[in-house]
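Report on the structure given below.
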Amino acid sequence: MSKPAKSPAPFDTAKFINPAQVGGIESYRIGDGAGRGVRALCVNTGGGLRYRILVDRGFDIDQALFKEQSLAFLTHKGVTPPAQGIERGIDWLHMFPGGLLTTCGPFNAGPPGDDNGEALPLHGVHSNTPATIESIVQPDPHAGRHEMSAVARLRYGKLFGPCLDLKRTIRSVLGTNHIDIADEFFNAGNTPAPHAWLLHINFGYPLVDAGAELCYDAARVEPRNEPGSIARFKNLAAARKVPDALEEHRGGTETFAYLWPRAAKDGSATVAIVNRKRGMAVAIHYNTKEFPRCGNWQHFGPGEYVTALEPMNCTVDGRWKDRAAGNLDFIKPGERKTYQYRIEVVTEKAGLEALRKLNG
């Protein structure tokens, strides 16, 4: 991931007194509906990008807009309070808000099932874990500080383990349109913790529209072993093109493939969605040493019209299968593990074309 950028242009501090006039972070609680009481942080980068961090839902990001155009897919139900301790089977879907970033893990991702006698819910407990805010740092151009950040800590586990601690830092810079995220895990317990971490980065209309392109330079693309996915990704050029809403995607029909993007020597890689008609794209910059696979979920049903790019250290086949295949990661007692990644809005024509060239 590239280093945090400086503000692209100086702000004329002689023309405003309150830094909130040009950007910053606002804290509040949702006051009505299913999400009533959920704590949230609204971030305005001052460059056109606004996004909302759900403090009580894993410190994930749901709403994200660029110049008032939504980037993310939002479910019909939207935000709900966390529901710790009652996750069973596919109950995760009842509480899934969609959103720009819904993280899956930290002990398992993928379908519900049984691993060594432990019942695992769909996509793990992270999304239903409230965070403790450690700091909110506002930008202050008057003092030469253009960076804004929010830091939170989350704890997962139970008596006798496994027990994990996550410090998540989310940063943006005034006048720019990217989100830098660092996830630092620490195994506070005395037993090895099975570990899965999957970034469910969900794009929706109007960014996702007919003709938009999924862009990645993949050394290998492996559809999930099911007829629909195999057929969809047989023609990779077609699979990269977003279609109109599909009647055959009503209900739970979807397609999915694993991508192995080619990386630079340091492991850095980029995947993206580009909408030339709208003149914008969203790129995900990450490291393949941290996330060996990237999933591409496609579900283009009427109304539920979404595609996701999902860097992951696991698979979505089930933890028991990852264990049997030797793909299961662990964090040892006292060990730390860090992930760093960037979600960036791109609007310059040269930037859009550079992302499109990932497809060759």
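Within each chain, counting starts at residue 1; across the structure tokens, chains are named A, B, ... in the order shown, with ligands numbered 1 upward in that order.
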
Next item on the list: Extract the full set of helix (DSSP H, G or I) residues from segment 65-221 of chain A according to DSSP on the backbone, and format it as JSON, numbers by chain.
Entry: {"A": [91, 92, 93, 94, 95, 126, 127, 128, 141, 142, 143]}

Would you kindly return, as a PDB file with C-alpha atoms, in the first residue's frame, each protein, DNA or RNA residue with an atom no farther than 7 Å from any atom of His146 of chain A, considering only C-alpha atoms and excluding same-chain residues fewer than 2 positions away?
ATOM      1  CA  SER A   7      -3.161  17.332   0.812  1.00  0.00           C
ATOM      2  CA  PRO A 139      -7.594  17.821  10.640  1.00  0.00           C
ATOM      3  CA  ASP A 140      -6.427  21.359  11.345  1.00  0.00           C
ATOM      4  CA  PRO A 141      -5.099  23.194   8.280  1.00  0.00           C
ATOM      5  CA  GLY A 144      -0.556  22.369   9.050  1.00  0.00           C
ATOM      6  CA  MET A 148      -7.773  12.862  10.041  1.00  0.00           C
ATOM      7  CA  VAL A 173      -6.227  13.265   4.182  1.00  0.00           C
ATOM      8  CA  LEU A 174      -7.980  16.566   3.517  1.00  0.00           C
TER       9      LEU A 174
END

Margin query: as a PyMOL selection string, please: the residues near segment 265-276 of chain A (cut-off 8 Å, only C-alpha atoms, same-chain neighbours under 3 positions excluded).
Written below: chain A and resi 1+207-209+211-217+261-262+279-289+309+352+355-356

Notebook entry, point to check: Just how far from atom CA of Gly113 of chain A is atom CA of Leu164 of chain A, in Å to one decimal?
Noted result: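 Straight-line distance from atom CA of Leu164 of chain A to atom CA of Gly113 of chain A works out to 21.2 Å.
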
Select from segment 94-213 of chain A every residue with an atom at most 6 Å from any atom of segment 56-62 of chain A, then for each give the shortest pair of atoms and their distance in Å to one decimal, using only C-alpha atoms, rows by chain and rising number, as a tab-separated table.
residue	atom	partner	partner_atom	distance
A:Gly99	CA	A:Asp62	CA	3.6
A:Leu100	CA	A:Asp62	CA	5.2
A:Leu101	CA	A:Ile61	CA	4.9
A:Thr102	CA	A:Asp60	CA	5.6
A:His126	CA	A:Gly58	CA	5.6
A:Ser127	CA	A:Gly58	CA	4.7
A:Asn128	CA	A:Arg57	CA	5.3
A:Thr129	CA	A:Gly58	CA	5.1
A:Pro130	CA	A:Asp56	CA	3.8
A:Ala131	CA	A:Asp56	CA	5.7

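For Thr191 of chain A, the set of protein, DNA and RNA residues having any atom at most 12 Å away, when counting only C-alpha atoms and skipping those fewer than 2 positions along the same chain, is Gly157, Lys158, Leu159, Phe160, Gly161, Pro162, Cys163, Leu164, Asn187, Ala188, Gly189, Ala193, Pro194, Phe330, Ile331, Lys332, Pro333, Gly334 and Glu335 of chain A.
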
Just to be explicit: take each residue in the selection above, keep C-alpha atoms, and write the result as a PDB file, in the first residue's frame.
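Written output follows (part_13.pdb):
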ATOM      1  CA  GLY A 157     -13.275 -14.573  22.290  1.00  0.00           C
ATOM      2  CA  LYS A 158     -14.372 -16.434  25.379  1.00  0.00           C
ATOM      3  CA  LEU A 159     -13.028 -18.025  28.542  1.00  0.00           C
ATOM      4  CA  PHE A 160     -10.533 -20.769  27.614  1.00  0.00           C
ATOM      5  CA  GLY A 161     -10.027 -19.053  24.251  1.00  0.00           C
ATOM      6  CA  PRO A 162      -9.377 -18.262  21.586  1.00  0.00           C
ATOM      7  CA  CYS A 163      -9.047 -14.555  22.435  1.00  0.00           C
ATOM      8  CA  LEU A 164      -8.055 -11.903  19.898  1.00  0.00           C
ATOM      9  CA  ASN A 187      -3.482 -12.901  20.376  1.00  0.00           C
ATOM     10  CA  ALA A 188      -4.126 -12.066  24.012  1.00  0.00           C
ATOM     11  CA  GLY A 189      -4.984 -15.663  24.863  1.00  0.00           C
ATOM     12  CA  ALA A 193      -6.293 -18.745  17.356  1.00  0.00           C
ATOM     13  CA  PRO A 194      -7.562 -20.017  13.987  1.00  0.00           C
ATOM     14  CA  PHE A 330      -3.283 -19.184  12.941  1.00  0.00           C
ATOM     15  CA  ILE A 331      -2.144 -16.418  15.263  1.00  0.00           C
ATOM     16  CA  LYS A 332       0.048 -17.784  18.061  1.00  0.00           C
ATOM     17  CA  PRO A 333      -0.258 -16.647  21.689  1.00  0.00           C
ATOM     18  CA  GLY A 334       1.454 -13.267  22.041  1.00  0.00           C
ATOM     19  CA  GLU A 335       1.805 -12.910  18.256  1.00  0.00           C
TER      20      GLU A 335
END

Margin query: Give me, as a list in words, all polymer residues having an atom no more than 12 Å from Gly326 of chain A, counting only C-alpha atoms and skipping those fewer than 6 positions away in the same chain.
Written below: Cys314, Thr315, Arg319 and Trp320 of chain A
